[in-house]
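Each remark here refers to the structure printed beneath this line.
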Amino acid sequence: MKKFRLKAFSKPIFNSRVKGEQVTRSERWLGYFLGPALVATLYAGAGGSYLNTFYTDVLGLSALGGGLFLTLMPVVSKVVDAVTNIFMGQVVENTRTPQGKARPWILISGPIMAVAAILLFAVPQSNMLITAVWVICSYNLYFAISYTMYNLSNVVTIPLSTRDNKQRDKLSMAAAMAINIVPGAILAVVFPSFLLPFMGVDQGRWILVMGILAVLAIPGTLLQYYFTRERITEENQTAPAEKQIEEQPKSNGVSLRDQIKGCLSSKYWVMIMAVMIIYYIYNNFQTTSLVYYSNWVLGTYNDGTTMSLLNIVGQTMLGPGVIILWPLVGKIGKQKVYIVGSVVAAIGGTIGAIFARNLGLVLVALTIRSIGTLPITYVTLSMLADALDHVEWKAGYRCDGFSSSVYSIIITVSAGIATGLFNLGLALTGYVAPASDGTWVAQSAAVQNFLISGMFIIPAIGAVVLFFIFLAFDLEKKLPQIREDMARRRGETEPTSEA
């Protein structure tokens, strides 16, 4: 693939506001927390929890093709998404600017995401065929193009930010807080308590609310772009000319085949990708189930309280949890924290499944599960960065572009698979959407049991599977020697010892 020079980014106006070689507070809180938090709020609101509700309850698409449209559309669309992710990964890998290879695409993605998010909901309903085509096109414009551009670039900002493991851990937690706390608070309280009852099944109100959220993509990407740096990408740019030539074969022009081979040479890279596949599938299933479970099992349709309460309790530990988690990671290590967290999450899911219609015990179950998910919520990006260091150590070159492609594919394809299977379950169990005037009827026992499974049983099974993977993820104790070897042999092509 040809190199992407993006000459405009050589102008001083595009220079990062971060100047120091060490990670700064403004970098951590503006570049890795506030900026991504604004984008995450848009994604969670427009592309996550409520888009499927819009399709089934506002557009009435759950009946289209006997339920096949909403079953197959998200899954088939992810084939397109997978292709664009691989392509975008290579674009990032072959981008050459003074600002790095990923950050420019974060800035470019902002306005495109904003427009695409609005089009998701501005769907014409005069003809069902036109509606279906619009849904397919807008869905792919948002997920396969604009969000792929953003998310794939976003994923590698932490691995490329610094080689300091402790600083990367802090950035990972800041980024995880951005994804969960800010959008979580809005979606937990504001949406179910005020916005969903206001929007109901009125498409015009959905467009108004989601249009406001869409605008957040622009200031979010601006903050993230200007308050981050790719220090590792800059290493070769600031090296003496002869060293740049010497290191060129390692860092630039690595074929996709070699990148795949390099990543697969690291068992830890394979394991962390397996962790993310399992987690994102069951987490997306649970997230989609939450709206329906609140409406049809534990509460009544858009009652304004049930889902708010479940969201608040389910995310209570995400804020103070950082205070608890950070000292534990430093004391016992990421692997052990992950193992304990998986057990706790499985226990919480089991309690929720057994007492799914008891509000008090459901809240207890969600609190327990929230505690158990803290490690995978806050430390995963740091573990991915560790795995990429191991890939570089084993293969002799970095594979950030391909790895971010795979990570982004996992996020989007998992969402498509989970949504497709969820909609298939709704169709098979006989889900009845509310009428156009807002009236509704109670769902059957089959539908309710399916929603309970999605909310509790499937996530509990996923946590058990992750427990066994984490048992074997012992990279952390090998990292000091690996980093010492890399520092000593910078410029060499072969590892000096085995890990």
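Chain labels follow the order of the structure tokens: the first chain is A, the next B, and so on; residue numbering restarts at 1 in every chain, and ligands are counted from 1 in their shown order.
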If DSSP is run on the backbone, what residues of stretch 108-344 of chain A are helix (DSSP H, G or I)? A reply as number ranges by chain would be ideal.
A: 108-121, 128-155, 157-161, 165-199, 203-214, 217-226, 231-238, 241-251, 256-264, 267-298, 306-314, 316-318, 320-332, 334-344
Could you build a table of the residues in stretch 366-460 of chain A lying no more than 12 Å from stretch 291-305 of chain A, giving for each the nearest pair of atoms and their separation in Å rounded to one decimal place, using only C-alpha atoms, ordered by chain and ascending residue number, as a Markdown table?
| residue | atom | partner | partner_atom | distance |
| --- | --- | --- | --- | --- |
| A:Phe422 | CA | A:Tyr292 | CA | 10.7 |
| A:Asn423 | CA | A:Tyr292 | CA | 11.3 |
| A:Leu426 | CA | A:Tyr292 | CA | 10.1 |
| A:Tyr431 | CA | A:Trp296 | CA | 10.2 |
| A:Val432 | CA | A:Trp296 | CA | 10.6 |
| A:Ala433 | CA | A:Tyr301 | CA | 10.5 |
| A:Pro434 | CA | A:Tyr301 | CA | 8.8 |
| A:Ala435 | CA | A:Tyr301 | CA | 11.9 |
| A:Gly438 | CA | A:Tyr301 | CA | 9.5 |
| A:Thr439 | CA | A:Tyr301 | CA | 9.3 |
| A:Trp440 | CA | A:Tyr301 | CA | 7.8 |
| A:Val441 | CA | A:Tyr301 | CA | 9.3 |
| A:Ala442 | CA | A:Trp296 | CA | 6.8 |
| A:Gln443 | CA | A:Trp296 | CA | 6.4 |
| A:Ser444 | CA | A:Trp296 | CA | 9.3 |
| A:Ala445 | CA | A:Val297 | CA | 9.2 |
| A:Ala446 | CA | A:Val297 | CA | 11.1 |
| A:Val447 | CA | A:Trp296 | CA | 8.7 |
| A:Gln448 | CA | A:Val297 | CA | 5.8 |
| A:Asn449 | CA | A:Val297 | CA | 8.6 |
| A:Phe450 | CA | A:Tyr293 | CA | 9.2 |
| A:Leu451 | CA | A:Tyr293 | CA | 5.5 |
| A:Ile452 | CA | A:Tyr293 | CA | 6.8 |
| A:Ser453 | CA | A:Tyr293 | CA | 9.8 |
| A:Gly454 | CA | A:Tyr293 | CA | 8.7 |
| A:Met455 | CA | A:Tyr293 | CA | 7.2 |
| A:Phe456 | CA | A:Tyr293 | CA | 10.3 |
Same residues, N, CA, C and O atoms, saved as a compact mmCIF listing (two decimals), in the first residue's frame:
# COMPACT_ATOMS: atom_id res chain seq x y z
N PHE A 422 -29.66 -11.44 19.12
CA PHE A 422 -30.70 -10.93 20.01
C PHE A 422 -32.01 -10.73 19.24
O PHE A 422 -33.09 -11.14 19.71
N ASN A 423 -31.94 -10.11 18.07
CA ASN A 423 -33.15 -9.89 17.28
C ASN A 423 -33.76 -11.19 16.80
O ASN A 423 -34.99 -11.32 16.70
N LEU A 426 -35.70 -12.44 19.69
CA LEU A 426 -36.98 -11.72 19.80
C LEU A 426 -38.01 -12.28 18.82
O LEU A 426 -39.18 -12.50 19.17
N TYR A 431 -41.75 -11.56 20.12
CA TYR A 431 -41.77 -10.21 20.67
C TYR A 431 -42.81 -9.35 19.95
O TYR A 431 -42.92 -9.38 18.73
N VAL A 432 -43.58 -8.58 20.72
CA VAL A 432 -44.61 -7.69 20.18
C VAL A 432 -44.22 -6.25 20.47
O VAL A 432 -44.18 -5.83 21.64
N ALA A 433 -43.91 -5.48 19.42
CA ALA A 433 -43.50 -4.08 19.60
C ALA A 433 -44.70 -3.22 19.97
O ALA A 433 -45.85 -3.55 19.66
N PRO A 434 -44.46 -2.08 20.65
CA PRO A 434 -45.55 -1.15 20.96
C PRO A 434 -46.21 -0.63 19.69
O PRO A 434 -45.58 -0.57 18.63
N ALA A 435 -47.49 -0.25 19.80
CA ALA A 435 -48.20 0.30 18.66
C ALA A 435 -47.71 1.72 18.38
O ALA A 435 -47.03 2.35 19.20
N GLY A 438 -48.22 4.37 20.92
CA GLY A 438 -47.55 4.23 22.20
C GLY A 438 -48.14 3.18 23.12
O GLY A 438 -47.59 2.89 24.17
N THR A 439 -49.26 2.59 22.74
CA THR A 439 -49.85 1.53 23.58
C THR A 439 -49.07 0.24 23.41
O THR A 439 -48.44 0.01 22.38
N TRP A 440 -49.14 -0.63 24.43
CA TRP A 440 -48.37 -1.86 24.39
C TRP A 440 -49.08 -2.96 25.17
O TRP A 440 -50.00 -2.69 25.96
N VAL A 441 -48.65 -4.20 24.91
CA VAL A 441 -49.18 -5.36 25.64
C VAL A 441 -48.01 -6.09 26.28
O VAL A 441 -46.86 -5.96 25.85
N ALA A 442 -48.30 -6.86 27.35
CA ALA A 442 -47.24 -7.59 28.05
C ALA A 442 -46.66 -8.67 27.14
O ALA A 442 -47.35 -9.25 26.29
N GLN A 443 -45.36 -8.94 27.30
CA GLN A 443 -44.68 -9.97 26.51
C GLN A 443 -44.92 -11.34 27.11
O GLN A 443 -45.20 -11.49 28.31
N SER A 444 -44.78 -12.36 26.27
CA SER A 444 -44.99 -13.74 26.72
C SER A 444 -43.87 -14.19 27.65
O SER A 444 -42.82 -13.56 27.74
N ALA A 445 -44.10 -15.32 28.32
CA ALA A 445 -43.08 -15.88 29.22
C ALA A 445 -41.81 -16.25 28.45
O ALA A 445 -40.69 -16.10 28.95
N ALA A 446 -41.97 -16.69 27.19
CA ALA A 446 -40.80 -17.06 26.37
C ALA A 446 -39.92 -15.84 26.11
O ALA A 446 -38.69 -15.92 26.21
N VAL A 447 -40.55 -14.72 25.79
CA VAL A 447 -39.79 -13.50 25.55
C VAL A 447 -39.07 -13.07 26.83
O VAL A 447 -37.89 -12.73 26.83
N GLN A 448 -39.79 -13.09 27.95
CA GLN A 448 -39.20 -12.66 29.21
C GLN A 448 -38.02 -13.56 29.62
O GLN A 448 -37.00 -13.06 30.10
N ASN A 449 -38.16 -14.86 29.46
CA ASN A 449 -37.05 -15.77 29.79
C ASN A 449 -35.84 -15.54 28.90
O ASN A 449 -34.69 -15.63 29.34
N PHE A 450 -36.10 -15.23 27.64
CA PHE A 450 -35.01 -14.91 26.72
C PHE A 450 -34.27 -13.66 27.17
O PHE A 450 -33.03 -13.61 27.15
N LEU A 451 -35.02 -12.65 27.59
CA LEU A 451 -34.40 -11.41 28.05
C LEU A 451 -33.59 -11.62 29.33
O LEU A 451 -32.53 -11.01 29.52
N ILE A 452 -34.07 -12.49 30.20
CA ILE A 452 -33.32 -12.82 31.43
C ILE A 452 -32.00 -13.50 31.07
O ILE A 452 -30.95 -13.22 31.66
N SER A 453 -32.05 -14.39 30.08
CA SER A 453 -30.82 -15.07 29.64
C SER A 453 -29.80 -14.07 29.12
O SER A 453 -28.61 -14.14 29.44
N GLY A 454 -30.27 -13.13 28.30
CA GLY A 454 -29.36 -12.14 27.75
C GLY A 454 -28.79 -11.21 28.80
O GLY A 454 -27.65 -10.76 28.71
N MET A 455 -29.59 -10.94 29.82
CA MET A 455 -29.17 -10.00 30.86
C MET A 455 -28.21 -10.64 31.86
O MET A 455 -27.28 -9.97 32.34
N PHE A 456 -28.38 -11.93 32.16
CA PHE A 456 -27.60 -12.52 33.25
C PHE A 456 -26.87 -13.82 32.89
O PHE A 456 -25.69 -13.98 33.21
Let me make sure I understand: among A:Thr380, A:Pro320, A:Ser153, A:Val413, which one has the smallest atom-to-atom distance to A:Thr95 if we use only C-alpha atoms?
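Closest to A:Thr95 of all the choices is A:Ser153.
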Between atom CA of A:Ala116 and atom CA of A:Gly211 - distance in Å to one decimal
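These atoms are spaced 10.0 Å apart.
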Top pick for closest residue to A:Val23, considering A:Trp134, A:Phe227, A:Phe467, A:Tyr279 and counting only C-alpha atoms
A:Phe227
Between A:Leu160, A:Met199, A:Val115, A:Ile324, which has the minimum distance to A:Val58 (counting only C-alpha atoms)?
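Selected residue with least distance to A:Val58: A:Met199.
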Just give me the gap between atom CA of A:Asp389 and atom CA of A:Ser266 in Å, one decimal is fine.
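Computed distance, atom CA of A:Asp389 to atom CA of A:Ser266, equals 9.8 Å.
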Take atom CA of A:Ala472 and atom CA of A:Ile409 and report the distance between them in Å, one decimal.
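Computing it gives 24.3 Å between the two atoms.
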Stretch 241-339 of chain A residues near stretch 165-188 of chain A within 10 Å, closest pair each, using only C-alpha atoms, as a tab-separated table:
residue	atom	partner	partner_atom	distance
A:Met307	CA	A:Ala188	CA	7.2
A:Ser308	CA	A:Ala188	CA	5.1
A:Leu309	CA	A:Ala188	CA	7.6
A:Leu310	CA	A:Ala188	CA	7.8
A:Asn311	CA	A:Ala188	CA	4.5
A:Ile312	CA	A:Ala188	CA	5.5
A:Val313	CA	A:Ala188	CA	9.0
A:Gly314	CA	A:Ala188	CA	8.9
A:Gln315	CA	A:Gly184	CA	7.1
A:Thr316	CA	A:Ile181	CA	9.3
A:Met317	CA	A:Ile181	CA	9.7
A:Leu318	CA	A:Ile181	CA	6.5
A:Gly319	CA	A:Ile181	CA	6.5
A:Val322	CA	A:Met173	CA	7.6
A:Leu325	CA	A:Met173	CA	9.7
A:Trp326	CA	A:Met173	CA	8.6
A:Val329	CA	A:Asp169	CA	9.5
A:Gly330	CA	A:Lys166	CA	9.2
Output file for the residues above (C-alpha atoms, as a CSV table (one decimal), in the first residue's frame):
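New file out-v2.csv:
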chain,number,residue,atom,x,y,z
A,307,MET,CA,-33.8,1.1,33.8
A,308,SER,CA,-32.4,4.2,35.6
A,309,LEU,CA,-32.1,2.2,38.8
A,310,LEU,CA,-30.5,-0.8,37.2
A,311,ASN,CA,-28.1,1.4,35.3
A,312,ILE,CA,-27.1,3.5,38.4
A,313,VAL,CA,-26.5,0.4,40.6
A,314,GLY,CA,-24.9,-1.6,37.8
A,315,GLN,CA,-22.4,1.2,37.2
A,316,THR,CA,-22.0,2.4,40.8
A,317,MET,CA,-18.6,0.9,41.2
A,318,LEU,CA,-17.1,2.1,37.9
A,319,GLY,CA,-16.1,5.5,39.5
A,322,VAL,CA,-10.7,2.9,40.1
A,325,LEU,CA,-8.4,-1.3,41.5
A,326,TRP,CA,-5.3,0.8,41.0
A,329,VAL,CA,-3.0,-3.8,40.3
A,330,GLY,CA,0.2,-2.4,41.7
Non-local contacts of A:Gln224 (8 Å; only C-alpha atoms; under 2 positions in same chain excluded) as a ChimeraX atom specification
/A:30-32,34-36,106,220-222,226-228
Just all heavy atoms for this one: save the residues we selected as a JSON list (two decimals), in the first residue's frame.
[["chain", "number", "residue", "atom", "x", "y", "z"],
["A", 30, "LEU", "N", -7.50, 15.40, 29.38],
["A", 30, "LEU", "CA", -8.15, 15.99, 28.22],
["A", 30, "LEU", "C", -8.07, 15.06, 27.01],
["A", 30, "LEU", "O", -9.06, 14.85, 26.31],
["A", 30, "LEU", "CB", -7.52, 17.34, 27.88],
["A", 30, "LEU", "CG", -7.70, 18.45, 28.92],
["A", 30, "LEU", "CD1", -7.00, 19.73, 28.46],
["A", 30, "LEU", "CD2", -9.18, 18.72, 29.18],
["A", 31, "GLY", "N", -6.89, 14.50, 26.76],
["A", 31, "GLY", "CA", -6.69, 13.67, 25.58],
["A", 31, "GLY", "C", -7.23, 12.26, 25.71],
["A", 31, "GLY", "O", -7.72, 11.68, 24.74],
["A", 32, "TYR", "N", -7.14, 11.70, 26.92],
["A", 32, "TYR", "CA", -7.54, 10.30, 27.09],
["A", 32, "TYR", "C", -8.83, 10.12, 27.90],
["A", 32, "TYR", "O", -9.35, 9.02, 27.96],
["A", 32, "TYR", "CB", -6.40, 9.51, 27.74],
["A", 32, "TYR", "CG", -5.26, 9.28, 26.78],
["A", 32, "TYR", "CD1", -4.21, 10.18, 26.71],
["A", 32, "TYR", "CD2", -5.26, 8.20, 25.91],
["A", 32, "TYR", "CE1", -3.16, 10.00, 25.81],
["A", 32, "TYR", "CE2", -4.24, 8.00, 25.01],
["A", 32, "TYR", "CZ", -3.19, 8.91, 24.97],
["A", 32, "TYR", "OH", -2.17, 8.72, 24.06],
["A", 34, "LEU", "N", -11.56, 13.24, 28.69],
["A", 34, "LEU", "CA", -12.68, 14.08, 28.27],
["A", 34, "LEU", "C", -12.99, 13.93, 26.79],
["A", 34, "LEU", "O", -14.16, 13.79, 26.41],
["A", 34, "LEU", "CB", -12.38, 15.55, 28.61],
["A", 34, "LEU", "CG", -13.51, 16.54, 28.29],
["A", 34, "LEU", "CD1", -14.80, 16.13, 28.99],
["A", 34, "LEU", "CD2", -13.11, 17.95, 28.70],
["A", 35, "GLY", "N", -11.96, 13.99, 25.93],
["A", 35, "GLY", "CA", -12.21, 13.85, 24.49],
["A", 35, "GLY", "C", -12.90, 12.54, 24.14],
["A", 35, "GLY", "O", -13.99, 12.54, 23.55],
["A", 36, "PRO", "N", -12.30, 11.39, 24.51],
["A", 36, "PRO", "CA", -12.96, 10.11, 24.23],
["A", 36, "PRO", "C", -14.32, 9.97, 24.91],
["A", 36, "PRO", "O", -15.20, 9.28, 24.41],
["A", 36, "PRO", "CB", -11.96, 9.08, 24.78],
["A", 36, "PRO", "CG", -10.65, 9.76, 24.71],
["A", 36, "PRO", "CD", -10.94, 11.21, 25.01],
["A", 106, "ILE", "N", -8.04, 10.47, 13.77],
["A", 106, "ILE", "CA", -9.00, 10.81, 14.82],
["A", 106, "ILE", "C", -9.63, 12.16, 14.53],
["A", 106, "ILE", "O", -10.86, 12.33, 14.63],
["A", 106, "ILE", "CB", -8.30, 10.82, 16.20],
["A", 106, "ILE", "CG1", -7.92, 9.39, 16.61],
["A", 106, "ILE", "CG2", -9.20, 11.47, 17.26],
["A", 106, "ILE", "CD1", -7.17, 9.31, 17.93],
["A", 220, "GLY", "N", -15.05, 16.38, 20.83],
["A", 220, "GLY", "CA", -14.39, 15.20, 21.41],
["A", 220, "GLY", "C", -13.13, 14.84, 20.66],
["A", 220, "GLY", "O", -12.07, 14.62, 21.25],
["A", 221, "THR", "N", -13.22, 14.78, 19.33],
["A", 221, "THR", "CA", -12.04, 14.42, 18.54],
["A", 221, "THR", "C", -11.00, 15.54, 18.53],
["A", 221, "THR", "O", -9.80, 15.28, 18.45],
["A", 221, "THR", "CB", -12.44, 14.06, 17.10],
["A", 221, "THR", "OG1", -13.27, 15.10, 16.56],
["A", 221, "THR", "CG2", -13.22, 12.74, 17.07],
["A", 222, "LEU", "N", -11.45, 16.79, 18.62],
["A", 222, "LEU", "CA", -10.50, 17.91, 18.70],
["A", 222, "LEU", "C", -9.66, 17.81, 19.97],
["A", 222, "LEU", "O", -8.43, 17.96, 19.93],
["A", 222, "LEU", "CB", -11.26, 19.24, 18.68],
["A", 222, "LEU", "CG", -11.72, 19.75, 17.31],
["A", 222, "LEU", "CD1", -12.65, 20.94, 17.49],
["A", 222, "LEU", "CD2", -10.52, 20.13, 16.44],
["A", 226, "TYR", "N", -5.51, 17.10, 19.94],
["A", 226, "TYR", "CA", -4.56, 18.11, 20.37],
["A", 226, "TYR", "C", -3.90, 17.81, 21.71],
["A", 226, "TYR", "O", -2.86, 18.39, 22.03],
["A", 226, "TYR", "CB", -5.23, 19.48, 20.42],
["A", 226, "TYR", "CG", -5.32, 20.13, 19.05],
["A", 226, "TYR", "CD1", -6.54, 20.26, 18.40],
["A", 226, "TYR", "CD2", -4.17, 20.59, 18.41],
["A", 226, "TYR", "CE1", -6.61, 20.84, 17.14],
["A", 226, "TYR", "CE2", -4.24, 21.16, 17.15],
["A", 226, "TYR", "CZ", -5.46, 21.29, 16.52],
["A", 226, "TYR", "OH", -5.52, 21.85, 15.27],
["A", 227, "PHE", "N", -4.45, 16.90, 22.49],
["A", 227, "PHE", "CA", -3.85, 16.60, 23.79],
["A", 227, "PHE", "C", -3.37, 15.15, 23.90],
["A", 227, "PHE", "O", -3.48, 14.52, 24.94],
["A", 227, "PHE", "CB", -4.84, 16.95, 24.91],
["A", 227, "PHE", "CG", -5.04, 18.42, 25.08],
["A", 227, "PHE", "CD1", -6.07, 19.07, 24.41],
["A", 227, "PHE", "CD2", -4.17, 19.17, 25.85],
["A", 227, "PHE", "CE1", -6.25, 20.45, 24.53],
["A", 227, "PHE", "CE2", -4.34, 20.55, 25.99],
["A", 227, "PHE", "CZ", -5.38, 21.18, 25.32],
["A", 228, "THR", "N", -2.86, 14.64, 22.79],
["A", 228, "THR", "CA", -2.19, 13.33, 22.79],
["A", 228, "THR", "C", -0.91, 13.45, 21.96],
["A", 228, "THR", "O", -0.74, 14.39, 21.17],
["A", 228, "THR", "CB", -3.09, 12.23, 22.20],
["A", 228, "THR", "OG1", -3.52, 12.62, 20.88],
["A", 228, "THR", "CG2", -4.30, 11.97, 23.08]]
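The closest residue to A:Arg231, picked from A:Arg488, A:Arg163, A:Lys394, A:Lys336 and counting only C-alpha atoms, is A:Arg163.
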Near A:Ile368, counting only C-alpha atoms, which residues have an atom at most 12 Å away, once you skip same-chain residues fewer than 6 positions from it, shown as a CSV table (one decimal) with all heavy atoms, in the first residue's frame?
chain,number,residue,atom,x,y,z
A,313,VAL,N,-27.1,1.4,39.7
A,313,VAL,CA,-26.5,0.4,40.6
A,313,VAL,C,-25.5,-0.4,39.8
A,313,VAL,O,-24.4,-0.7,40.3
A,313,VAL,CB,-27.6,-0.5,41.2
A,313,VAL,CG1,-27.0,-1.7,41.9
A,313,VAL,CG2,-28.6,0.3,42.1
A,314,GLY,N,-25.8,-0.8,38.6
A,314,GLY,CA,-24.9,-1.6,37.8
A,314,GLY,C,-23.6,-0.9,37.5
A,314,GLY,O,-22.6,-1.5,37.2
A,315,GLN,N,-23.6,0.5,37.5
A,315,GLN,CA,-22.4,1.2,37.2
A,315,GLN,C,-21.8,2.0,38.4
A,315,GLN,O,-20.9,2.8,38.3
A,315,GLN,CB,-22.6,2.2,36.1
A,315,GLN,CG,-23.1,1.5,34.8
A,315,GLN,CD,-23.2,2.5,33.6
A,315,GLN,OE1,-22.3,3.2,33.4
A,315,GLN,NE2,-24.3,2.4,32.9
A,316,THR,N,-22.4,1.7,39.6
A,316,THR,CA,-22.0,2.4,40.8
A,316,THR,C,-20.5,2.3,41.1
A,316,THR,O,-19.8,3.3,41.5
A,316,THR,CB,-22.8,1.9,42.0
A,316,THR,OG1,-24.2,2.2,41.9
A,316,THR,CG2,-22.3,2.5,43.3
A,317,MET,N,-19.9,1.1,40.9
A,317,MET,CA,-18.6,0.9,41.2
A,317,MET,C,-17.6,1.3,40.2
A,317,MET,O,-16.4,1.3,40.4
A,317,MET,CB,-18.3,-0.6,41.5
A,317,MET,CG,-19.0,-1.2,42.7
A,317,MET,SD,-18.5,-0.3,44.2
A,317,MET,CE,-16.8,-0.6,44.2
A,318,LEU,N,-18.1,1.8,39.0
A,318,LEU,CA,-17.1,2.1,37.9
A,318,LEU,C,-16.3,3.4,38.3
A,318,LEU,O,-15.1,3.5,37.9
A,318,LEU,CB,-17.9,2.4,36.6
A,318,LEU,CG,-18.5,1.2,36.0
A,318,LEU,CD1,-19.2,1.5,34.7
A,318,LEU,CD2,-17.4,0.1,35.7
A,321,GLY,N,-14.5,2.5,41.8
A,321,GLY,CA,-13.7,1.2,41.6
A,321,GLY,C,-12.3,1.5,41.1
A,321,GLY,O,-11.4,0.7,41.4
A,341,GLY,N,-11.7,-11.0,39.4
A,341,GLY,CA,-12.8,-10.3,38.9
A,341,GLY,C,-13.7,-11.2,38.1
A,341,GLY,O,-14.9,-11.1,38.1
A,342,SER,N,-13.2,-12.2,37.3
A,342,SER,CA,-14.0,-13.1,36.6
A,342,SER,C,-14.9,-13.9,37.5
A,342,SER,O,-16.1,-14.2,37.2
A,342,SER,CB,-13.1,-14.0,35.7
A,342,SER,OG,-12.3,-13.3,34.8
A,343,VAL,N,-14.3,-14.4,38.6
A,343,VAL,CA,-15.1,-15.2,39.5
A,343,VAL,C,-16.2,-14.4,40.1
A,343,VAL,O,-17.4,-14.8,40.2
A,343,VAL,CB,-14.2,-15.7,40.6
A,343,VAL,CG1,-15.0,-16.4,41.7
A,343,VAL,CG2,-13.1,-16.7,40.1
A,344,VAL,N,-15.9,-13.1,40.5
A,344,VAL,CA,-16.9,-12.3,41.1
A,344,VAL,C,-18.0,-12.0,40.1
A,344,VAL,O,-19.2,-12.0,40.4
A,344,VAL,CB,-16.3,-11.0,41.6
A,344,VAL,CG1,-17.4,-10.0,42.1
A,344,VAL,CG2,-15.3,-11.3,42.8
A,345,ALA,N,-17.7,-11.7,38.9
A,345,ALA,CA,-18.7,-11.4,37.8
A,345,ALA,C,-19.6,-12.5,37.6
A,345,ALA,O,-20.8,-12.4,37.4
A,345,ALA,CB,-18.0,-10.9,36.5
A,346,ALA,N,-19.0,-13.7,37.5
A,346,ALA,CA,-19.8,-15.0,37.3
A,346,ALA,C,-20.8,-15.2,38.5
A,346,ALA,O,-22.0,-15.5,38.2
A,346,ALA,CB,-18.9,-16.2,37.2
A,347,ILE,N,-20.4,-14.9,39.7
A,347,ILE,CA,-21.3,-15.0,40.9
A,347,ILE,C,-22.4,-14.0,40.8
A,347,ILE,O,-23.6,-14.3,41.0
A,347,ILE,CB,-20.5,-14.8,42.2
A,347,ILE,CG1,-19.5,-15.9,42.4
A,347,ILE,CG2,-21.4,-14.7,43.4
A,347,ILE,CD1,-18.6,-15.7,43.6
A,348,GLY,N,-22.1,-12.8,40.4
A,348,GLY,CA,-23.2,-11.8,40.2
A,348,GLY,C,-24.2,-12.1,39.2
A,348,GLY,O,-25.4,-12.0,39.4
A,349,GLY,N,-23.7,-12.6,38.0
A,349,GLY,CA,-24.6,-13.0,37.0
A,349,GLY,C,-25.5,-14.2,37.4
A,349,GLY,O,-26.7,-14.2,37.0
A,350,THR,N,-24.9,-15.1,38.1
A,350,THR,CA,-25.7,-16.3,38.6
A,350,THR,C,-26.8,-15.9,39.5
A,350,THR,O,-28.0,-16.3,39.4
A,350,THR,CB,-24.8,-17.3,39.3
A,350,THR,OG1,-23.8,-17.7,38.4
A,350,THR,CG2,-25.6,-18.5,39.7
A,351,ILE,N,-26.5,-15.0,40.5
A,351,ILE,CA,-27.6,-14.5,41.4
A,351,ILE,C,-28.7,-13.8,40.6
A,351,ILE,O,-29.9,-13.9,40.9
A,351,ILE,CB,-26.9,-13.5,42.4
A,351,ILE,CG1,-26.0,-14.3,43.3
A,351,ILE,CG2,-28.0,-12.8,43.3
A,351,ILE,CD1,-25.2,-13.4,44.3
A,352,GLY,N,-28.3,-12.9,39.6
A,352,GLY,CA,-29.2,-12.2,38.9
A,352,GLY,C,-30.2,-13.1,38.1
A,352,GLY,O,-31.4,-12.9,38.0
A,361,LEU,N,-32.8,-8.2,44.9
A,361,LEU,CA,-31.7,-9.1,44.7
A,361,LEU,C,-31.1,-8.8,43.3
A,361,LEU,O,-29.9,-9.1,43.1
A,361,LEU,CB,-32.2,-10.5,44.8
A,361,LEU,CG,-32.6,-11.0,46.2
A,361,LEU,CD1,-33.2,-12.4,46.2
A,361,LEU,CD2,-31.4,-10.9,47.1
A,362,VAL,N,-31.8,-8.4,42.4
A,362,VAL,CA,-31.2,-8.0,41.1
A,362,VAL,C,-30.2,-6.9,41.3
A,362,VAL,O,-29.1,-6.9,40.7
A,362,VAL,CB,-32.3,-7.6,40.1
A,362,VAL,CG1,-31.7,-6.8,38.9
A,362,VAL,CG2,-33.1,-8.8,39.6
A,374,LEU,N,-14.7,-4.7,36.8
A,374,LEU,CA,-13.7,-3.6,36.9
A,374,LEU,C,-12.4,-3.9,36.2
A,374,LEU,O,-11.9,-3.0,35.4
A,374,LEU,CB,-13.4,-3.2,38.4
A,374,LEU,CG,-14.5,-2.5,39.1
A,374,LEU,CD1,-14.2,-2.3,40.6
A,374,LEU,CD2,-14.7,-1.1,38.5
A,460,ALA,N,-22.7,-14.5,32.6
A,460,ALA,CA,-22.1,-15.3,33.6
A,460,ALA,C,-21.2,-16.4,32.9
A,460,ALA,O,-20.1,-16.7,33.4
A,460,ALA,CB,-23.2,-15.9,34.5
